[in-house]
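Undergrad: Here you go, work_34.cif (mmCIF, C-alpha atoms and all ligand atoms):
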data_input
loop_
_atom_site.group_PDB
_atom_site.id
_atom_site.type_symbol
_atom_site.label_atom_id
_atom_site.label_comp_id
_atom_site.auth_asym_id
_atom_site.auth_seq_id
_atom_site.Cartn_x
_atom_site.Cartn_y
_atom_site.Cartn_z
ATOM 1 C CA MET X 8 -59.838 -55.077 -108.394
ATOM 2 C CA SER X 9 -59.837 -51.365 -109.139
ATOM 3 C CA LEU X 10 -59.680 -49.894 -112.596
ATOM 4 C CA LYS X 11 -58.001 -46.744 -111.271
ATOM 5 C CA ALA X 12 -54.328 -46.329 -112.053
ATOM 6 C CA GLY X 13 -52.146 -47.657 -109.240
ATOM 7 C CA LYS X 14 -49.560 -45.547 -107.375
ATOM 8 C CA LYS X 15 -46.679 -46.775 -109.553
ATOM 9 C CA THR X 16 -48.562 -46.072 -112.756
ATOM 10 C CA LYS X 17 -49.511 -42.555 -111.599
ATOM 11 C CA GLU X 18 -45.912 -41.883 -110.605
ATOM 12 C CA TRP X 19 -44.773 -43.001 -114.060
ATOM 13 C CA LEU X 20 -47.362 -40.903 -115.928
ATOM 14 C CA LYS X 21 -46.207 -37.799 -114.043
ATOM 15 C CA ALA X 22 -42.512 -38.568 -114.648
ATOM 16 C CA LYS X 23 -43.248 -39.237 -118.308
ATOM 17 C CA ARG X 24 -44.662 -35.748 -118.928
ATOM 18 C CA GLN X 25 -41.583 -34.149 -117.333
ATOM 19 C CA LEU X 26 -39.237 -36.446 -119.233
ATOM 20 C CA ILE X 27 -40.722 -35.666 -122.633
ATOM 21 C CA ALA X 28 -40.223 -31.933 -121.963
ATOM 22 C CA GLN X 29 -36.630 -32.498 -120.727
ATOM 23 C CA LEU X 30 -35.755 -34.660 -123.734
ATOM 24 C CA GLU X 31 -37.178 -32.087 -126.150
ATOM 25 C CA ASP X 32 -35.184 -29.330 -124.430
ATOM 26 C CA HIS X 33 -32.050 -31.365 -125.205
ATOM 27 C CA GLY X 34 -33.030 -31.783 -128.850
ATOM 28 C CA ILE X 35 -33.815 -35.489 -128.453
ATOM 29 C CA THR X 36 -36.867 -35.724 -130.677
ATOM 30 C CA SER X 37 -36.296 -38.911 -132.694
ATOM 31 C CA CYS X 38 -35.558 -42.572 -132.023
ATOM 32 C CA GLU X 39 -32.262 -43.134 -130.166
ATOM 33 C CA ILE X 40 -32.152 -46.897 -130.755
ATOM 34 C CA ARG X 41 -31.921 -46.775 -134.570
ATOM 35 C CA ARG X 42 -32.178 -50.430 -135.561
ATOM 36 C CA ASP X 43 -32.464 -51.439 -139.239
ATOM 37 C CA ARG X 44 -36.232 -51.044 -139.475
ATOM 38 C CA CYS X 45 -36.309 -47.818 -137.391
ATOM 39 C CA LEU X 46 -39.234 -45.428 -137.940
ATOM 40 C CA LYS X 47 -37.012 -42.427 -136.971
ATOM 41 C CA SER X 48 -39.309 -39.726 -135.596
ATOM 42 C CA TRP X 49 -42.555 -41.597 -136.093
ATOM 43 C CA ALA X 50 -44.594 -43.447 -133.422
ATOM 44 C CA LEU X 51 -42.284 -42.439 -130.581
ATOM 45 C CA THR X 52 -42.348 -43.986 -127.125
ATOM 46 C CA LEU X 53 -40.076 -43.968 -124.084
ATOM 47 C CA ALA X 54 -38.106 -47.153 -123.379
ATOM 48 C CA HIS X 55 -36.526 -48.196 -120.080
ATOM 49 C CA ALA X 56 -33.331 -50.242 -119.844
ATOM 50 C CA ARG X 57 -35.144 -52.762 -117.630
ATOM 51 C CA LYS X 58 -38.668 -54.072 -117.462
ATOM 52 C CA ARG X 59 -40.474 -51.567 -115.248
ATOM 53 C CA ARG X 60 -40.934 -54.021 -112.367
ATOM 54 C CA PHE X 61 -37.152 -54.515 -112.217
ATOM 55 C CA LEU X 62 -36.216 -50.829 -112.086
ATOM 56 C CA HIS X 63 -33.937 -49.922 -109.200
ATOM 57 C CA GLU X 64 -34.479 -46.893 -106.959
ATOM 58 C CA GLY X 65 -34.084 -43.652 -108.946
ATOM 59 C CA GLU X 66 -34.173 -45.335 -112.370
ATOM 60 C CA LEU X 67 -37.691 -44.351 -113.403
ATOM 61 C CA LYS X 68 -36.254 -41.478 -115.464
ATOM 62 C CA VAL X 69 -33.578 -43.595 -117.157
ATOM 63 C CA VAL X 70 -35.210 -43.813 -120.583
ATOM 64 C CA VAL X 71 -34.462 -43.368 -124.255
ATOM 65 C CA VAL X 72 -36.760 -42.140 -126.997
ATOM 66 C CA ALA X 73 -37.647 -45.176 -129.118
ATOM 67 C CA CYS X 74 -39.913 -45.593 -132.127
ATOM 68 C CA SER X 75 -42.496 -48.339 -131.686
ATOM 69 C CA GLN X 76 -40.589 -50.624 -134.086
ATOM 70 C CA CYS X 77 -37.280 -50.457 -132.175
ATOM 71 C CA HIS X 78 -39.153 -50.589 -128.856
ATOM 72 C CA ASN X 79 -40.937 -53.805 -129.870
ATOM 73 C CA GLU X 80 -37.685 -55.346 -131.121
ATOM 74 C CA ILE X 81 -35.758 -54.697 -127.907
ATOM 75 C CA GLU X 82 -38.707 -55.781 -125.719
ATOM 76 C CA ALA X 83 -38.554 -59.185 -127.420
ATOM 77 C CA MET X 84 -34.861 -59.610 -126.556
ATOM 78 C CA PRO X 85 -33.338 -61.168 -123.452
ATOM 79 C CA HIS X 86 -33.247 -58.600 -120.612
ATOM 80 C CA GLU X 87 -29.484 -58.266 -120.674
ATOM 81 C CA GLU X 88 -29.418 -57.456 -124.409
ATOM 82 C CA MET X 89 -32.222 -54.900 -124.019
ATOM 83 C CA HIS X 90 -30.325 -53.256 -121.163
ATOM 84 C CA ARG X 91 -27.106 -53.043 -123.196
ATOM 85 C CA ILE X 92 -28.830 -51.478 -126.223
ATOM 86 C CA VAL X 93 -30.663 -48.845 -124.173
ATOM 87 C CA MET X 94 -27.592 -47.917 -122.122
ATOM 88 C CA ASP X 95 -25.465 -47.703 -125.322
ATOM 89 C CA ALA X 96 -28.001 -45.213 -126.721
ATOM 90 C CA ILE X 97 -27.756 -43.188 -123.496
ATOM 91 C CA LYS X 98 -23.939 -43.228 -123.759
ATOM 92 C CA ARG X 99 -24.105 -41.738 -127.274
ATOM 93 C CA ARG X 100 -25.721 -38.536 -125.968
ATOM 94 C CA LYS X 101 -23.521 -35.471 -125.716
ATOM 95 C CA LYS X 102 -25.425 -34.244 -122.676
ATOM 96 C CA GLN X 103 -27.841 -36.082 -120.375
ATOM 97 C CA PRO X 104 -31.293 -34.543 -119.898
ATOM 98 C CA VAL X 105 -31.558 -36.308 -116.512
ATOM 99 C CA GLU X 106 -28.975 -37.654 -114.078
ATOM 100 C CA ILE X 107 -28.178 -41.322 -114.674
ATOM 101 C CA PRO X 108 -27.689 -43.150 -111.345
ATOM 102 C CA GLU X 109 -24.590 -45.371 -111.094
ATOM 103 C CA SER X 110 -26.765 -48.484 -110.598
ATOM 104 C CA ALA X 111 -28.343 -47.998 -114.033
ATOM 105 C CA TRP X 112 -25.144 -49.014 -115.860
ATOM 106 C CA ASN X 113 -25.016 -52.533 -114.503
ATOM 107 C CA HIS X 114 -27.166 -55.501 -115.350
ATOM 108 C CA PRO X 115 -29.047 -56.852 -113.439
HETATM 109 ZN ZN ZN J 201 -36.332 -46.670 -133.976
#
Using structure tokens, write down the structure that the file contains.
TA:
Amino acid sequence: MSLKAGKKTKEWLKAKRQLIAQLEDHGITSCEIRRDRCLKSWALTLAHARKRRFLHEGELKVVVVACSQCHNEIEAMPHEEMHRIVMDAIKRRKKQPVEIPESAWNHP
């Protein structure tokens, strides 16, 4: 087994850098999930609507900014619930930093 990052991981790390810049350009600099115990603009991460291994083609960039608290809470939920919460946060945006493919709206 190799300790080097696999192809998928490398692809994600590259996409992640671009995404952070695109999100910032659109003024998205705090948590978009906003659950009760939200940390707002502290300990930010990017959250997908699906577990990464279940992402469909073209969905790598379908993410929201999430504080680590909200991210942990949604990760512990059933997949369908996590998907709904992330896609609801995406819907609340006035303008999308990246194109959201049609497939991203449906679960599974
Ligand atoms: Zn939060």
Undergrad: For ligand ZN 201 (chain J), which residue among X:Lys14, X:His114, X:Arg44, X:Lys23 is the nearest when counting all atoms listed in the file?
TA: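 Once distances to ligand ZN 201 (chain J) are computed over all atoms listed in the file, the minimum belongs to X:Arg44.
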Undergrad: Env of region 49-52 of chain X: 6 Å cut, atoms = only C-alpha atoms, seq-sep filter 4 positions within chain, self excluded. Answer as a list in words.
TA: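 Near neighbours after the sequence-gap exclusion: Val72, Ala73, Cys74 and Ser75 of chain X.
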Undergrad: Based on the selection just made, write C-alpha atoms of those residues as a PDB file, in the frame of the given file.
TA:
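Below you can see part_22.pdb, which holds the result:
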ATOM      1  CA  VAL X  72     -36.760 -42.140-126.997  1.00  0.00           C
ATOM      2  CA  ALA X  73     -37.647 -45.176-129.118  1.00  0.00           C
ATOM      3  CA  CYS X  74     -39.913 -45.593-132.127  1.00  0.00           C
ATOM      4  CA  SER X  75     -42.496 -48.339-131.686  1.00  0.00           C
TER       5      SER X  75
END
Undergrad: Evaluating the PyMOL selection byres (((chain X and resi 78-83) around 12) and not hetatm) on the displayed file yields which residues, as a PyMOL selection string?
TA: chain X and resi 38-47+50-59+70-77+84-93
Undergrad: Any chance you could resolve the PyMOL selection byres (((chain X and resi 107) around 12) and not hetatm) against this file and give the residues as a list of chain:residue names?
TA: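 Evaluating the PyMOL selection byres (((chain X and resi 107) around 12) and not hetatm) on these coordinates yields X:Ala56, X:His63, X:Glu64, X:Gly65, X:Glu66, X:Leu67, X:Lys68, X:Val69, X:Val70, X:Val71, X:Met94, X:Ile97, X:Lys98, X:Arg100, X:Lys102, X:Gln103, X:Pro104, X:Val105, X:Glu106, X:Pro108, X:Glu109, X:Ser110, X:Ala111, X:Trp112, X:Asn113.
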Undergrad: Could you dump the residues just selected with C-alpha atoms as a PDB file, in the coordinates of the input?
TA:
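Writing the result to part32.pdb gives the following:
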ATOM      1  CA  ALA X  56     -33.331 -50.242-119.844  1.00  0.00           C
ATOM      2  CA  HIS X  63     -33.937 -49.922-109.200  1.00  0.00           C
ATOM      3  CA  GLU X  64     -34.479 -46.893-106.959  1.00  0.00           C
ATOM      4  CA  GLY X  65     -34.084 -43.652-108.946  1.00  0.00           C
ATOM      5  CA  GLU X  66     -34.173 -45.335-112.370  1.00  0.00           C
ATOM      6  CA  LEU X  67     -37.691 -44.351-113.403  1.00  0.00           C
ATOM      7  CA  LYS X  68     -36.254 -41.478-115.464  1.00  0.00           C
ATOM      8  CA  VAL X  69     -33.578 -43.595-117.157  1.00  0.00           C
ATOM      9  CA  VAL X  70     -35.210 -43.813-120.583  1.00  0.00           C
ATOM     10  CA  VAL X  71     -34.462 -43.368-124.255  1.00  0.00           C
ATOM     11  CA  MET X  94     -27.592 -47.917-122.122  1.00  0.00           C
ATOM     12  CA  ILE X  97     -27.756 -43.188-123.496  1.00  0.00           C
ATOM     13  CA  LYS X  98     -23.939 -43.228-123.759  1.00  0.00           C
ATOM     14  CA  ARG X 100     -25.721 -38.536-125.968  1.00  0.00           C
ATOM     15  CA  LYS X 102     -25.425 -34.244-122.676  1.00  0.00           C
ATOM     16  CA  GLN X 103     -27.841 -36.082-120.375  1.00  0.00           C
ATOM     17  CA  PRO X 104     -31.293 -34.543-119.898  1.00  0.00           C
ATOM     18  CA  VAL X 105     -31.558 -36.308-116.512  1.00  0.00           C
ATOM     19  CA  GLU X 106     -28.975 -37.654-114.078  1.00  0.00           C
ATOM     20  CA  PRO X 108     -27.689 -43.150-111.345  1.00  0.00           C
ATOM     21  CA  GLU X 109     -24.590 -45.371-111.094  1.00  0.00           C
ATOM     22  CA  SER X 110     -26.765 -48.484-110.598  1.00  0.00           C
ATOM     23  CA  ALA X 111     -28.343 -47.998-114.033  1.00  0.00           C
ATOM     24  CA  TRP X 112     -25.144 -49.014-115.860  1.00  0.00           C
ATOM     25  CA  ASN X 113     -25.016 -52.533-114.503  1.00  0.00           C
TER      26      ASN X 113
END
Undergrad: Ranking X:Ser48, X:Arg99, X:Pro115, X:Lys15 by minimum distance to ligand ZN 201 (chain J) and counting all atoms listed in the file, which one comes first?
TA: X:Ser48
Undergrad: Figure out the distance between CA of Thr36 (chain X) and CA of Arg60 (chain X), please, to one decimal in Å.
TA: 26.2 Å
Undergrad: Could you check the closest approach to ligand ZN 201 (chain J) for each of X:Ala12, X:Ala96, X:Leu30, X:Leu20 and tell me which residue wins, using only C-alpha atoms and all ligand atoms?
TA: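 The answer is X:Ala96, which sits nearest to ligand ZN 201 (chain J).
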Undergrad: One decimal, Å: what's the distance from CA of Trp19 (chain X) over to CA of Leu62 (chain X), could you say?
TA: 11.8 Å
Undergrad: So which one's closest to ligand ZN 201 (chain J), X:Leu26, X:Gly13, X:Lys21, X:Ser37? Using all atoms listed in the file, please.
TA: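 When distances to ligand ZN 201 (chain J) are compared using all atoms listed in the file, the smallest one comes from X:Ser37.
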Undergrad: Return the single residue from X:Ala22, X:Ala28, X:Gly34, X:Thr16 that is closest to Lys101 (chain X), with distances computed using all atoms listed in the file.
TA: X:Gly34
Undergrad: Mind rebuilding region 57-92 of chain X with N, CA and C atoms and writing that out as a compact mmCIF listing (two decimals), in the frame of the given file?
TA:
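After the write, rebuild.txt holds the following:
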# COMPACT_ATOMS: atom_id res chain seq x y z
N ARG X 57 -34.67 -51.53 -118.27
CA ARG X 57 -35.14 -52.76 -117.63
C ARG X 57 -36.66 -52.79 -117.73
N LYS X 58 -37.22 -53.97 -117.62
CA LYS X 58 -38.67 -54.07 -117.46
C LYS X 58 -39.02 -53.23 -116.24
N ARG X 59 -40.15 -52.53 -116.30
CA ARG X 59 -40.47 -51.57 -115.25
C ARG X 59 -40.46 -52.18 -113.84
N ARG X 60 -40.90 -53.43 -113.71
CA ARG X 60 -40.93 -54.02 -112.37
C ARG X 60 -39.54 -54.31 -111.82
N PHE X 61 -38.53 -54.26 -112.67
CA PHE X 61 -37.15 -54.52 -112.22
C PHE X 61 -36.33 -53.25 -112.05
N LEU X 62 -36.96 -52.08 -112.22
CA LEU X 62 -36.22 -50.83 -112.09
C LEU X 62 -35.72 -50.65 -110.66
N HIS X 63 -34.48 -50.20 -110.52
CA HIS X 63 -33.94 -49.92 -109.20
C HIS X 63 -34.36 -48.52 -108.79
N GLU X 64 -34.17 -48.21 -107.50
CA GLU X 64 -34.48 -46.89 -106.96
C GLU X 64 -33.84 -45.80 -107.83
N GLY X 65 -34.62 -44.79 -108.20
CA GLY X 65 -34.08 -43.65 -108.95
C GLY X 65 -33.90 -43.89 -110.43
N GLU X 66 -34.38 -45.03 -110.94
CA GLU X 66 -34.17 -45.34 -112.37
C GLU X 66 -35.40 -45.09 -113.24
N LEU X 67 -36.46 -44.56 -112.64
CA LEU X 67 -37.69 -44.35 -113.40
C LEU X 67 -37.45 -43.41 -114.60
N LYS X 68 -36.52 -42.47 -114.41
CA LYS X 68 -36.25 -41.48 -115.46
C LYS X 68 -35.12 -41.88 -116.41
N VAL X 69 -34.61 -43.10 -116.25
CA VAL X 69 -33.58 -43.60 -117.16
C VAL X 69 -34.29 -44.21 -118.37
N VAL X 70 -34.47 -43.39 -119.38
CA VAL X 70 -35.21 -43.81 -120.58
C VAL X 70 -34.53 -43.28 -121.84
N VAL X 71 -34.84 -43.92 -122.95
CA VAL X 71 -34.46 -43.37 -124.26
C VAL X 71 -35.75 -43.17 -125.06
N VAL X 72 -35.67 -42.30 -126.05
CA VAL X 72 -36.76 -42.14 -127.00
C VAL X 72 -36.62 -43.29 -127.99
N ALA X 73 -37.69 -44.04 -128.20
CA ALA X 73 -37.65 -45.18 -129.12
C ALA X 73 -38.91 -45.19 -129.98
N CYS X 74 -38.74 -45.43 -131.27
CA CYS X 74 -39.91 -45.59 -132.13
C CYS X 74 -40.56 -46.93 -131.75
N SER X 75 -41.80 -47.13 -132.12
CA SER X 75 -42.50 -48.34 -131.69
C SER X 75 -41.84 -49.59 -132.27
N GLN X 76 -41.27 -49.48 -133.47
CA GLN X 76 -40.59 -50.62 -134.09
C GLN X 76 -39.38 -51.07 -133.26
N CYS X 77 -38.47 -50.12 -132.98
CA CYS X 77 -37.28 -50.46 -132.18
C CYS X 77 -37.69 -50.91 -130.78
N HIS X 78 -38.69 -50.23 -130.20
CA HIS X 78 -39.15 -50.59 -128.86
C HIS X 78 -39.64 -52.04 -128.83
N ASN X 79 -40.45 -52.42 -129.80
CA ASN X 79 -40.94 -53.80 -129.87
C ASN X 79 -39.79 -54.79 -130.04
N GLU X 80 -38.82 -54.43 -130.88
CA GLU X 80 -37.68 -55.35 -131.12
C GLU X 80 -36.88 -55.58 -129.85
N ILE X 81 -36.58 -54.50 -129.12
CA ILE X 81 -35.76 -54.70 -127.91
C ILE X 81 -36.55 -55.38 -126.79
N GLU X 82 -37.86 -55.12 -126.73
CA GLU X 82 -38.71 -55.78 -125.72
C GLU X 82 -38.71 -57.30 -125.89
N ALA X 83 -38.52 -57.75 -127.14
CA ALA X 83 -38.55 -59.18 -127.42
C ALA X 83 -37.21 -59.85 -127.14
N MET X 84 -36.21 -59.07 -126.79
CA MET X 84 -34.86 -59.61 -126.56
C MET X 84 -34.69 -60.06 -125.11
N PRO X 85 -33.64 -60.84 -124.85
CA PRO X 85 -33.34 -61.17 -123.45
C PRO X 85 -33.05 -59.86 -122.70
N HIS X 86 -33.38 -59.83 -121.40
CA HIS X 86 -33.25 -58.60 -120.61
C HIS X 86 -31.87 -57.96 -120.71
N GLU X 87 -30.84 -58.79 -120.69
CA GLU X 87 -29.48 -58.27 -120.67
C GLU X 87 -29.16 -57.51 -121.97
N GLU X 88 -29.62 -58.07 -123.09
CA GLU X 88 -29.42 -57.46 -124.41
C GLU X 88 -30.17 -56.12 -124.50
N MET X 89 -31.41 -56.11 -124.03
CA MET X 89 -32.22 -54.90 -124.02
C MET X 89 -31.53 -53.81 -123.20
N HIS X 90 -31.02 -54.20 -122.05
CA HIS X 90 -30.32 -53.26 -121.16
C HIS X 90 -29.10 -52.65 -121.87
N ARG X 91 -28.31 -53.50 -122.52
CA ARG X 91 -27.11 -53.04 -123.20
C ARG X 91 -27.45 -52.03 -124.31
N ILE X 92 -28.46 -52.34 -125.10
CA ILE X 92 -28.83 -51.48 -126.22
C ILE X 92 -29.32 -50.11 -125.74
